[in-house]
Each structure stands twice: as C-alpha cells, then as structure tokens.
>>> print(open('structure-v3.pdb').read())   # PDB, C-alpha atoms
MODEL        1
ATOM      1  CA  MET C  63     233.344 -22.924  -7.481  1.00  0.00           C
ATOM      2  CA  ARG C  64     236.454 -22.297  -9.588  1.00  0.00           C
ATOM      3  CA  LEU C  65     234.363 -20.199 -12.005  1.00  0.00           C
ATOM      4  CA  ALA C  66     232.914 -18.160  -9.156  1.00  0.00           C
ATOM      5  CA  ARG C  67     236.341 -17.486  -7.738  1.00  0.00           C
ATOM      6  CA  SER C  68     237.607 -16.470 -11.139  1.00  0.00           C
ATOM      7  CA  TRP C  69     234.715 -14.018 -11.448  1.00  0.00           C
ATOM      8  CA  LYS C  70     235.495 -12.556  -8.051  1.00  0.00           C
ATOM      9  CA  GLN C  71     239.145 -12.117  -8.996  1.00  0.00           C
ATOM     10  CA  ARG C  72     238.124 -10.177 -12.093  1.00  0.00           C
ATOM     11  CA  ALA C  73     235.736  -8.077 -10.040  1.00  0.00           C
ATOM     12  CA  VAL C  74     238.519  -7.155  -7.618  1.00  0.00           C
ATOM     13  CA  ALA C  75     240.818  -6.226 -10.498  1.00  0.00           C
ATOM     14  CA  VAL C  76     238.149  -4.051 -12.126  1.00  0.00           C
ATOM     15  CA  PHE C  77     237.445  -2.295  -8.851  1.00  0.00           C
ATOM     16  CA  LEU C  78     241.102  -1.596  -8.167  1.00  0.00           C
ATOM     17  CA  THR C  79     241.570  -0.265 -11.683  1.00  0.00           C
ATOM     18  CA  ALA C  80     238.772   2.197 -11.035  1.00  0.00           C
ATOM     19  CA  VAL C  81     240.339   3.519  -7.831  1.00  0.00           C
ATOM     20  CA  ALA C  82     243.994   3.373  -8.896  1.00  0.00           C
ATOM     21  CA  GLY C  83     244.039   7.054  -9.724  1.00  0.00           C
ATOM     22  CA  THR C  84     242.680   7.874  -6.291  1.00  0.00           C
ATOM     23  CA  LEU C  85     245.316   5.771  -4.581  1.00  0.00           C
ATOM     24  CA  GLY C  86     248.149   7.175  -6.632  1.00  0.00           C
ATOM     25  CA  ALA C  87     247.168  10.813  -6.335  1.00  0.00           C
ATOM     26  CA  GLY C  88     248.588  12.758  -3.459  1.00  0.00           C
ATOM     27  CA  ILE C  89     250.411   9.816  -1.882  1.00  0.00           C
ATOM     28  CA  THR C  90     254.004  10.349  -0.866  1.00  0.00           C
ATOM     29  CA  ALA C  91     256.140   7.258  -0.755  1.00  0.00           C
ATOM     30  CA  SER C  92     257.354   6.401   2.718  1.00  0.00           C
ATOM     31  CA  PRO C  93     260.849   4.939   2.539  1.00  0.00           C
ATOM     32  CA  ALA C  94     261.615   2.058   4.853  1.00  0.00           C
ATOM     33  CA  SER C  95     263.817   2.758   7.826  1.00  0.00           C
ATOM     34  CA  ALA C  96     267.405   1.645   7.494  1.00  0.00           C
ATOM     35  CA  ALA C  97     267.927   0.893  11.175  1.00  0.00           C
ATOM     36  CA  THR C  98     270.260  -2.025  11.873  1.00  0.00           C
ATOM     37  CA  CYS C  99     269.206  -4.757  14.287  1.00  0.00           C
ATOM     38  CA  SER C 100     266.240  -2.992  15.774  1.00  0.00           C
ATOM     39  CA  ASP C 101     264.129  -4.623  18.469  1.00  0.00           C
ATOM     40  CA  VAL C 102     261.180  -4.797  16.072  1.00  0.00           C
ATOM     41  CA  ASP C 103     260.992  -4.655  12.289  1.00  0.00           C
ATOM     42  CA  VAL C 104     257.600  -3.821  10.753  1.00  0.00           C
ATOM     43  CA  VAL C 105     257.313  -5.262   7.244  1.00  0.00           C
ATOM     44  CA  PHE C 106     254.382  -3.867   5.260  1.00  0.00           C
ATOM     45  CA  ALA C 107     253.086  -4.315   1.696  1.00  0.00           C
ATOM     46  CA  ARG C 108     251.139  -1.444   0.119  1.00  0.00           C
ATOM     47  CA  GLY C 109     247.987  -1.792  -1.969  1.00  0.00           C
ATOM     48  CA  SER C 110     247.442  -1.866  -5.727  1.00  0.00           C
ATOM     49  CA  GLY C 111     248.215   1.335  -7.591  1.00  0.00           C
ATOM     50  CA  GLU C 112     250.045   2.982  -4.707  1.00  0.00           C
ATOM     51  CA  LEU C 113     253.430   4.580  -5.140  1.00  0.00           C
ATOM     52  CA  PRO C 114     256.434   2.657  -3.725  1.00  0.00           C
ATOM     53  CA  GLY C 115     256.654   2.931   0.035  1.00  0.00           C
ATOM     54  CA  LEU C 116     254.449   2.015   2.971  1.00  0.00           C
ATOM     55  CA  GLY C 117     251.334   3.579   1.423  1.00  0.00           C
ATOM     56  CA  ILE C 118     248.166   5.208   2.719  1.00  0.00           C
ATOM     57  CA  THR C 119     247.519   2.458   5.254  1.00  0.00           C
ATOM     58  CA  GLY C 120     251.013   1.246   6.071  1.00  0.00           C
ATOM     59  CA  THR C 121     252.331   4.682   6.969  1.00  0.00           C
ATOM     60  CA  PRO C 122     249.874   5.406   9.812  1.00  0.00           C
ATOM     61  CA  PHE C 123     250.084   1.771  10.936  1.00  0.00           C
ATOM     62  CA  VAL C 124     253.871   1.867  11.257  1.00  0.00           C
ATOM     63  CA  ASN C 125     253.747   5.270  12.973  1.00  0.00           C
ATOM     64  CA  SER C 126     251.259   3.946  15.529  1.00  0.00           C
ATOM     65  CA  VAL C 127     253.372   0.846  16.200  1.00  0.00           C
ATOM     66  CA  LYS C 128     256.398   3.057  16.822  1.00  0.00           C
ATOM     67  CA  GLN C 129     254.420   5.273  19.180  1.00  0.00           C
ATOM     68  CA  GLY C 130     253.174   2.246  21.085  1.00  0.00           C
ATOM     69  CA  LEU C 131     256.563   0.606  21.503  1.00  0.00           C
ATOM     70  CA  THR C 132     258.284   3.269  23.536  1.00  0.00           C
ATOM     71  CA  GLY C 133     261.562   2.008  24.918  1.00  0.00           C
ATOM     72  CA  LYS C 134     262.132  -0.251  21.908  1.00  0.00           C
ATOM     73  CA  THR C 135     263.800   0.493  18.604  1.00  0.00           C
ATOM     74  CA  VAL C 136     261.461  -0.012  15.653  1.00  0.00           C
ATOM     75  CA  SER C 137     262.459  -0.153  11.995  1.00  0.00           C
ATOM     76  CA  SER C 138     260.191  -0.554   8.983  1.00  0.00           C
ATOM     77  CA  TYR C 139     260.474  -2.082   5.537  1.00  0.00           C
ATOM     78  CA  ALA C 140     258.202  -1.341   2.593  1.00  0.00           C
ATOM     79  CA  VAL C 141     257.859  -4.514   0.532  1.00  0.00           C
ATOM     80  CA  ASN C 142     259.417  -3.955  -2.877  1.00  0.00           C
ATOM     81  CA  TYR C 143     256.955  -5.167  -5.498  1.00  0.00           C
ATOM     82  CA  ALA C 144     254.971  -3.804  -8.428  1.00  0.00           C
ATOM     83  CA  ALA C 145     251.567  -3.654  -6.682  1.00  0.00           C
ATOM     84  CA  ASP C 146     250.113  -3.739 -10.180  1.00  0.00           C
ATOM     85  CA  ILE C 147     246.435  -3.270 -10.895  1.00  0.00           C
ATOM     86  CA  ALA C 148     246.312  -6.582 -12.778  1.00  0.00           C
ATOM     87  CA  GLN C 149     246.917  -8.398  -9.463  1.00  0.00           C
ATOM     88  CA  THR C 150     249.852 -10.376 -10.860  1.00  0.00           C
ATOM     89  CA  SER C 151     252.584  -9.257  -8.470  1.00  0.00           C
ATOM     90  CA  ASP C 152     251.367 -10.851  -5.233  1.00  0.00           C
ATOM     91  CA  GLY C 153     253.784 -13.766  -5.498  1.00  0.00           C
ATOM     92  CA  ALA C 154     256.780 -11.543  -6.199  1.00  0.00           C
ATOM     93  CA  GLY C 155     255.802  -9.360  -3.266  1.00  0.00           C
ATOM     94  CA  ALA C 156     255.565 -12.376  -0.980  1.00  0.00           C
ATOM     95  CA  THR C 157     259.002 -13.487  -2.076  1.00  0.00           C
ATOM     96  CA  ASP C 158     260.431 -10.051  -1.302  1.00  0.00           C
ATOM     97  CA  MET C 159     258.736  -9.988   2.114  1.00  0.00           C
ATOM     98  CA  THR C 160     260.018 -13.477   2.883  1.00  0.00           C
ATOM     99  CA  ARG C 161     263.568 -12.771   1.775  1.00  0.00           C
ATOM    100  CA  HIS C 162     263.670  -9.582   3.829  1.00  0.00           C
ATOM    101  CA  VAL C 163     262.526 -11.412   6.962  1.00  0.00           C
ATOM    102  CA  ARG C 164     265.030 -14.207   6.390  1.00  0.00           C
ATOM    103  CA  SER C 165     267.871 -11.751   5.795  1.00  0.00           C
ATOM    104  CA  VAL C 166     267.166  -9.622   8.867  1.00  0.00           C
ATOM    105  CA  ALA C 167     266.560 -12.701  11.010  1.00  0.00           C
ATOM    106  CA  ALA C 168     269.949 -14.108  10.023  1.00  0.00           C
ATOM    107  CA  SER C 169     271.791 -10.853  10.744  1.00  0.00           C
ATOM    108  CA  CYS C 170     269.833  -9.824  13.829  1.00  0.00           C
ATOM    109  CA  PRO C 171     269.014 -12.822  16.047  1.00  0.00           C
ATOM    110  CA  ASN C 172     267.044 -10.762  18.571  1.00  0.00           C
ATOM    111  CA  THR C 173     264.822  -8.811  16.163  1.00  0.00           C
ATOM    112  CA  LYS C 174     261.090  -9.582  16.216  1.00  0.00           C
ATOM    113  CA  PHE C 175     258.784  -8.933  13.268  1.00  0.00           C
ATOM    114  CA  VAL C 176     255.363  -7.441  12.663  1.00  0.00           C
ATOM    115  CA  LEU C 177     253.976  -8.273   9.223  1.00  0.00           C
ATOM    116  CA  GLY C 178     251.197  -6.423   7.480  1.00  0.00           C
ATOM    117  CA  GLY C 179     249.585  -5.473   4.220  1.00  0.00           C
ATOM    118  CA  TYR C 180     246.733  -3.573   2.640  1.00  0.00           C
ATOM    119  CA  SER C 181     244.532  -4.801  -0.220  1.00  0.00           C
ATOM    120  CA  GLN C 182     246.854  -6.638  -2.664  1.00  0.00           C
ATOM    121  CA  GLY C 183     249.518  -6.189   0.016  1.00  0.00           C
ATOM    122  CA  ALA C 184     247.376  -8.308   2.326  1.00  0.00           C
ATOM    123  CA  SER C 185     247.506 -11.081  -0.298  1.00  0.00           C
ATOM    124  CA  VAL C 186     251.283 -10.664  -0.350  1.00  0.00           C
ATOM    125  CA  THR C 187     251.271 -11.245   3.400  1.00  0.00           C
ATOM    126  CA  ASP C 188     248.973 -14.275   3.091  1.00  0.00           C
ATOM    127  CA  ILE C 189     251.329 -15.960   0.648  1.00  0.00           C
ATOM    128  CA  SER C 190     254.425 -15.108   2.667  1.00  0.00           C
ATOM    129  CA  ILE C 191     253.015 -16.806   5.768  1.00  0.00           C
ATOM    130  CA  GLY C 192     252.113 -19.901   3.775  1.00  0.00           C
ATOM    131  CA  ILE C 193     248.427 -19.491   2.928  1.00  0.00           C
ATOM    132  CA  ARG C 194     247.472 -20.726  -0.531  1.00  0.00           C
ATOM    133  CA  THR C 195     245.572 -18.137  -2.533  1.00  0.00           C
ATOM    134  CA  PHE C 196     244.235 -17.788  -6.063  1.00  0.00           C
ATOM    135  CA  LEU C 197     246.242 -14.605  -6.565  1.00  0.00           C
ATOM    136  CA  GLY C 198     249.715 -16.058  -6.946  1.00  0.00           C
ATOM    137  CA  SER C 199     252.464 -18.033  -5.257  1.00  0.00           C
ATOM    138  CA  GLY C 200     255.856 -17.115  -3.854  1.00  0.00           C
ATOM    139  CA  GLU C 201     258.467 -17.953  -1.248  1.00  0.00           C
ATOM    140  CA  THR C 202     257.218 -18.439   2.298  1.00  0.00           C
ATOM    141  CA  ILE C 203     258.780 -17.631   5.650  1.00  0.00           C
ATOM    142  CA  PRO C 204     260.523 -20.727   7.090  1.00  0.00           C
ATOM    143  CA  THR C 205     258.562 -22.376   9.872  1.00  0.00           C
ATOM    144  CA  GLU C 206     261.448 -22.010  12.296  1.00  0.00           C
ATOM    145  CA  LEU C 207     261.188 -18.218  12.037  1.00  0.00           C
ATOM    146  CA  ALA C 208     257.478 -18.150  12.903  1.00  0.00           C
ATOM    147  CA  PRO C 209     258.106 -17.657  16.650  1.00  0.00           C
ATOM    148  CA  ARG C 210     259.908 -14.409  15.835  1.00  0.00           C
ATOM    149  CA  VAL C 211     256.868 -13.021  14.021  1.00  0.00           C
ATOM    150  CA  ALA C 212     254.995 -11.329  16.832  1.00  0.00           C
ATOM    151  CA  ALA C 213     251.936 -10.243  14.877  1.00  0.00           C
ATOM    152  CA  VAL C 214     250.304 -10.206  11.457  1.00  0.00           C
ATOM    153  CA  VAL C 215     247.887  -7.344  10.708  1.00  0.00           C
ATOM    154  CA  VAL C 216     246.096  -6.887   7.383  1.00  0.00           C
ATOM    155  CA  PHE C 217     243.509  -4.492   5.986  1.00  0.00           C
ATOM    156  CA  GLY C 218     241.026  -5.159   3.167  1.00  0.00           C
ATOM    157  CA  ASN C 219     242.276  -8.689   2.533  1.00  0.00           C
ATOM    158  CA  PRO C 220     240.926 -10.256  -0.719  1.00  0.00           C
ATOM    159  CA  LEU C 221     241.300 -13.661   0.949  1.00  0.00           C
ATOM    160  CA  ALA C 222     237.895 -13.055   2.541  1.00  0.00           C
ATOM    161  CA  LEU C 223     236.210 -13.170  -0.878  1.00  0.00           C
ATOM    162  CA  PHE C 224     237.200 -16.834  -1.029  1.00  0.00           C
ATOM    163  CA  GLY C 225     235.679 -17.604   2.347  1.00  0.00           C
ATOM    164  CA  GLN C 226     238.951 -17.614   4.284  1.00  0.00           C
ATOM    165  CA  LYS C 227     240.653 -15.681   7.065  1.00  0.00           C
ATOM    166  CA  ILE C 228     244.203 -15.812   8.364  1.00  0.00           C
ATOM    167  CA  THR C 229     242.846 -16.627  11.809  1.00  0.00           C
ATOM    168  CA  THR C 230     241.327 -19.870  10.521  1.00  0.00           C
ATOM    169  CA  ALA C 231     243.509 -20.673   7.489  1.00  0.00           C
ATOM    170  CA  SER C 232     246.835 -20.621   9.339  1.00  0.00           C
ATOM    171  CA  PRO C 233     247.301 -22.660  12.533  1.00  0.00           C
ATOM    172  CA  LEU C 234     250.791 -21.184  12.802  1.00  0.00           C
ATOM    173  CA  TYR C 235     249.971 -17.481  12.416  1.00  0.00           C
ATOM    174  CA  GLY C 236     246.220 -17.392  13.078  1.00  0.00           C
ATOM    175  CA  PRO C 237     246.534 -16.875  16.851  1.00  0.00           C
ATOM    176  CA  LYS C 238     248.657 -13.754  16.288  1.00  0.00           C
ATOM    177  CA  ALA C 239     246.699 -12.301  13.374  1.00  0.00           C
ATOM    178  CA  LYS C 240     244.292  -9.373  13.217  1.00  0.00           C
ATOM    179  CA  GLU C 241     242.206  -8.629  10.109  1.00  0.00           C
ATOM    180  CA  PHE C 242     240.226  -5.508   9.265  1.00  0.00           C
ATOM    181  CA  CYS C 243     237.458  -5.482   6.644  1.00  0.00           C
ATOM    182  CA  ASN C 244     235.058  -2.565   6.544  1.00  0.00           C
ATOM    183  CA  LEU C 245     231.388  -3.145   5.834  1.00  0.00           C
ATOM    184  CA  GLY C 246     230.761  -2.672   2.128  1.00  0.00           C
ATOM    185  CA  ASP C 247     234.426  -2.955   1.122  1.00  0.00           C
ATOM    186  CA  PRO C 248     234.431  -4.435  -2.425  1.00  0.00           C
ATOM    187  CA  VAL C 249     237.843  -6.056  -1.955  1.00  0.00           C
ATOM    188  CA  CYS C 250     237.168  -8.055   1.211  1.00  0.00           C
ATOM    189  CA  ALA C 251     233.422  -7.850   1.864  1.00  0.00           C
ATOM    190  CA  GLY C 252     232.065  -8.080  -1.674  1.00  0.00           C
ATOM    191  CA  GLY C 253     230.321  -4.735  -1.235  1.00  0.00           C
ATOM    192  CA  PHE C 254     230.041  -1.641  -3.378  1.00  0.00           C
ATOM    193  CA  ASN C 255     231.376   1.101  -1.117  1.00  0.00           C
ATOM    194  CA  VAL C 256     234.675   2.283  -2.614  1.00  0.00           C
ATOM    195  CA  PHE C 257     235.190   4.697   0.260  1.00  0.00           C
ATOM    196  CA  ALA C 258     235.079   1.801   2.735  1.00  0.00           C
ATOM    197  CA  HIS C 259     238.219   0.387   1.131  1.00  0.00           C
ATOM    198  CA  LEU C 260     240.119   3.652   1.319  1.00  0.00           C
ATOM    199  CA  THR C 261     239.556   4.661   4.930  1.00  0.00           C
ATOM    200  CA  TYR C 262     241.569   2.171   7.008  1.00  0.00           C
ATOM    201  CA  GLY C 263     244.328   4.719   7.478  1.00  0.00           C
ATOM    202  CA  PHE C 264     242.117   7.241   9.245  1.00  0.00           C
ATOM    203  CA  ASP C 265     239.023   5.433  10.563  1.00  0.00           C
ATOM    204  CA  GLY C 266     240.819   3.998  13.588  1.00  0.00           C
ATOM    205  CA  SER C 267     241.668   0.646  11.998  1.00  0.00           C
ATOM    206  CA  THR C 268     245.421   1.213  11.765  1.00  0.00           C
ATOM    207  CA  ALA C 269     245.539   2.482  15.345  1.00  0.00           C
ATOM    208  CA  ASN C 270     243.606  -0.565  16.552  1.00  0.00           C
ATOM    209  CA  GLY C 271     245.781  -2.879  14.493  1.00  0.00           C
ATOM    210  CA  ALA C 272     248.904  -1.263  15.898  1.00  0.00           C
ATOM    211  CA  SER C 273     247.623  -1.693  19.464  1.00  0.00           C
ATOM    212  CA  PHE C 274     247.123  -5.378  18.771  1.00  0.00           C
ATOM    213  CA  ALA C 275     250.639  -5.682  17.315  1.00  0.00           C
ATOM    214  CA  VAL C 276     252.156  -3.797  20.257  1.00  0.00           C
ATOM    215  CA  SER C 277     250.460  -6.128  22.731  1.00  0.00           C
ATOM    216  CA  LYS C 278     251.806  -9.176  20.893  1.00  0.00           C
ATOM    217  CA  VAL C 279     255.339  -7.728  20.800  1.00  0.00           C
ATOM    218  CA  ARG C 280     255.197  -6.888  24.510  1.00  0.00           C
ATOM    219  CA  ALA C 281     254.052 -10.445  25.258  1.00  0.00           C
ATOM    220  CA  LEU C 282     257.255 -11.754  23.694  1.00  0.00           C
ATOM    221  CA  GLY C 283     259.295  -9.590  26.045  1.00  0.00           C
TER     222      GLY C 283
ENDMDL
END
>>> encode(input="structure-v3.pdb", output="structure tokens")
Amino acid sequence: MRLARSWKQRAVAVFLTAVAGTLGAGITASPASAATCSDVDVVFARGSGELPGLGITGTPFVNSVKQGLTGKTVSSYAVNYAADIAQTSDGAGATDMTRHVRSVAASCPNTKFVLGGYSQGASVTDISIGIRTFLGSGETIPTELAPRVAAVVVFGNPLALFGQKITTASPLYGPKAKEFCNLGDPVCAGGFNVFAHLTYGFDGSTANGASFAVSKVRALG
C-alpha cells in the first residue's frame, strides 16, 4: 500500500511538471483583498506552477462568492506558499493558511471564513483542516475556530488518489465541504485527461462551489 501511494505521488508530480508551463502562461496574479474585518474572508490556495495569487481557479471562485453574498463585505486572501512542482510546499502552505485564519479570527471576532484550494492547494487545505496526507504536514486550524469556517471547497484534490474525501475524512469539516473532481482528471481521478484538470475555472465548477459556500455562509446568519 505504501509503495502504491508513493507511485501515485510520483505520478502526480510528473503530471504537474508537464502542465506547469500551461498553468504559468497567461495567468495574472490576483492579489488578496486588504479589507479589514469583513463579514466573510475567502482563503484560497492556488495550484502547482501557478503565479502567486488566487490562480486560474481561485479567481473565478472568489468572484462568484462575492457576487453571491450581496449585502455582505467579502475579502480574500491568496495563501502565500511556493506551490512548487515537486509537491513539497503543501505543509508550508497549510501553515500559512492556518496562521492567516488565526490572525484574522483574533482581530475580527465576527468574520466567517470560506476555505478553498485547487490541485496542490487542495492538499494545503486538507492539511490546514487537520486531515493527514502523504504530501506534507503543517499547522492546523484550532478546533475552537471550526464553527467560524462556513465552508470548505476544493477542486482537483489529490487526496482522492489515496481513497479519501474531506466529506468522510473529517467529521469536523466534512458536513460543510464540497469537492470537485472531473472525470479523467489525473490529479484526483487517476485519469489521463490533462484538460479535465485545467477547466474547473470555466466549466461551472467554481460557480457551483461558490453557490454551495454562499448557502453555508447564509445559514450562519
């Protein structure tokens, strides 16, 4: 089992190396909003090989969340981590995500959070919410802050290659999680369709994920 998982990890790394140029080309970094004590803070981790910012999936996701939460102030934070092709920065990304949530939570007692990630960024999110993975370890969000996390939405999560999902691996966050994995996606479905991994930002997935997040935020009041 350990050998099989190791093989899958290498396969993911090889695949991401092959598409890194595609991800990096033509992508404009989306700086995180600097709003203070917003009603909702969307924290998103980009995928491997993407330029710093929210990335090709995080940008449309955040935009859709903002559009859906009319009447509320919404800020966003792009997780600050290397997003390296070697898949060695997941733990550092999780630590940055966790520290950001802790910092904002301490300064803004009424702010709710939406967490998300794409590809390696989904692994960052997994680790931050306390799911053990084979792609690294890092600081996790304190249990007492879990009620303030309204939703967790990920796209192309490598966790699926190890037979897990957030919805079943995390009793704490599973009920408020939504996961998207396109058929044939090499990173989450073990397929061979590179395009399937690159289309979450414009195939309706981010819009659907945002609708889910909006509904969870609204449920918290």
>>> resolve_selection(input="structure-v3.pdb", expression="the PyMOL selection byres ((chain C and resi 270-275) around 8)", output="JSON, numbers by chain")
{"C": [123, 124, 126, 127, 130, 176, 212, 213, 214, 215, 240, 266, 267, 268, 269, 276, 277, 278, 279]}
>>> resolve_selection(input="structure-v3.pdb", expression="the PyMOL selection byres ((chain C and resi 223-228) around 8)", output="VMD selection string")
chain C and resid 67 70 188 193 220 to 222 229 to 232 235 to 236 239 241 249 to 252
>>> resolve_selection(input="structure-v3.pdb", expression="the PyMOL selection byres ((chain C and resi 98-103) around 12)", output="PyMOL selection string")
chain C and resi 94-97+104-106+124+127-128+130-140+159+162-178+210-213+275-276+278-280+282-283
>>> closest_residue(input="structure-v3.pdb", among="C:Gln149, C:Asn142, C:Gly109, C:Asp158", to="Gly218 in chain C", atoms="only C-alpha atoms")
C:Gly109
>>> atom_distance(input="structure-v3.pdb", atom1="CA of Asp247 in chain C", atom2="CA of His259 in chain C")
5.1 Å
>>> closest_residue(input="structure-v3.pdb", among="C:Pro209, C:Gly153, C:Pro204, C:Gly179", to="Leu116 in chain C", atoms="only C-alpha atoms")
C:Gly179
>>> atom_distance(input="structure-v3.pdb", atom1="CA of Ala184 in chain C", atom2="CA of Asn219 in chain C")
5.1 Å
>>> closest_residue(input="structure-v3.pdb", among="C:Gln182, C:Asn244, C:Thr195, C:Asn125", to="Ala144 in chain C", atoms="all atoms listed in the file")
C:Gln182
>>> closest_residue(input="structure-v3.pdb", among="C:Cys243, C:Ala107, C:Ala148, C:Val256", to="Ser185 in chain C", atoms="all atoms listed in the file")
C:Ala107
>>> atom_distance(input="structure-v3.pdb", atom1="CA of Asp146 in chain C", atom2="CA of Ser110 in chain C")
5.5 Å
>>> closest_residue(input="structure-v3.pdb", among="C:Val216, C:Leu260, C:Ile118, C:Phe196", to="Lys238 in chain C", atoms="only C-alpha atoms")
C:Val216
>>> decode(input="structure-v3.pdb", residues="range 257-271 of chain C", atoms="N, CA, C and O atoms", output="mmCIF file, in the first residue's frame")
data_model
loop_
_atom_site.group_PDB
_atom_site.id
_atom_site.type_symbol
_atom_site.label_atom_id
_atom_site.label_comp_id
_atom_site.auth_asym_id
_atom_site.auth_seq_id
_atom_site.Cartn_x
_atom_site.Cartn_y
_atom_site.Cartn_z
ATOM 1 N N PHE C 257 -6.706 18.166 -19.794
ATOM 2 C CA PHE C 257 -7.672 19.260 -19.911
ATOM 3 C C PHE C 257 -8.680 19.229 -18.774
ATOM 4 O O PHE C 257 -9.102 20.275 -18.278
ATOM 5 N N ALA C 258 -9.052 18.033 -18.330
ATOM 6 C CA ALA C 258 -10.035 17.903 -17.248
ATOM 7 C C ALA C 258 -9.550 18.573 -15.976
ATOM 8 O O ALA C 258 -10.361 19.047 -15.172
ATOM 9 N N HIS C 259 -8.237 18.615 -15.784
ATOM 10 C CA HIS C 259 -7.689 19.232 -14.572
ATOM 11 C C HIS C 259 -7.607 20.749 -14.676
ATOM 12 O O HIS C 259 -7.469 21.431 -13.663
ATOM 13 N N LEU C 260 -7.696 21.262 -15.874
ATOM 14 C CA LEU C 260 -7.485 22.695 -16.080
ATOM 15 C C LEU C 260 -8.763 23.493 -16.300
ATOM 16 O O LEU C 260 -8.703 24.698 -16.507
ATOM 17 N N THR C 261 -9.906 22.845 -16.228
ATOM 18 C CA THR C 261 -11.146 23.509 -16.632
ATOM 19 C C THR C 261 -12.087 23.902 -15.497
ATOM 20 O O THR C 261 -13.177 24.415 -15.749
ATOM 21 N N TYR C 262 -11.709 23.686 -14.257
ATOM 22 C CA TYR C 262 -12.620 23.985 -13.145
ATOM 23 C C TYR C 262 -13.046 25.451 -13.116
ATOM 24 O O TYR C 262 -14.150 25.765 -12.674
ATOM 25 N N GLY C 263 -12.167 26.322 -13.591
ATOM 26 C CA GLY C 263 -12.465 27.747 -13.539
ATOM 27 C C GLY C 263 -13.497 28.214 -14.539
ATOM 28 O O GLY C 263 -14.044 29.314 -14.397
ATOM 29 N N PHE C 264 -13.797 27.383 -15.553
ATOM 30 C CA PHE C 264 -14.770 27.833 -16.548
ATOM 31 C C PHE C 264 -15.737 26.737 -17.011
ATOM 32 O O PHE C 264 -16.454 26.910 -18.002
ATOM 33 N N ASP C 265 -15.793 25.616 -16.288
ATOM 34 C CA ASP C 265 -16.757 24.573 -16.653
ATOM 35 C C ASP C 265 -17.976 24.550 -15.734
ATOM 36 O O ASP C 265 -18.781 23.626 -15.771
ATOM 37 N N GLY C 266 -18.098 25.585 -14.905
ATOM 38 C CA GLY C 266 -19.225 25.678 -13.984
ATOM 39 C C GLY C 266 -18.909 25.213 -12.573
ATOM 40 O O GLY C 266 -19.692 25.450 -11.644
ATOM 41 N N SER C 267 -17.752 24.589 -12.379
ATOM 42 C CA SER C 267 -17.404 24.064 -11.059
ATOM 43 C C SER C 267 -17.233 25.167 -10.019
ATOM 44 O O SER C 267 -17.738 25.049 -8.890
ATOM 45 N N THR C 268 -16.500 26.227 -10.387
ATOM 46 C CA THR C 268 -16.283 27.300 -9.405
ATOM 47 C C THR C 268 -17.587 28.007 -9.061
ATOM 48 O O THR C 268 -17.795 28.392 -7.914
ATOM 49 N N ALA C 269 -18.456 28.162 -10.045
ATOM 50 C CA ALA C 269 -19.756 28.796 -9.783
ATOM 51 C C ALA C 269 -20.589 27.919 -8.847
ATOM 52 O O ALA C 269 -21.230 28.417 -7.913
ATOM 53 N N ASN C 270 -20.578 26.610 -9.100
ATOM 54 C CA ASN C 270 -21.327 25.691 -8.244
ATOM 55 C C ASN C 270 -20.733 25.644 -6.838
ATOM 56 O O ASN C 270 -21.459 25.607 -5.833
ATOM 57 N N GLY C 271 -19.409 25.646 -6.774
ATOM 58 C CA GLY C 271 -18.753 25.646 -5.469
ATOM 59 C C GLY C 271 -19.051 26.909 -4.694
ATOM 60 O O GLY C 271 -19.249 26.881 -3.476
#
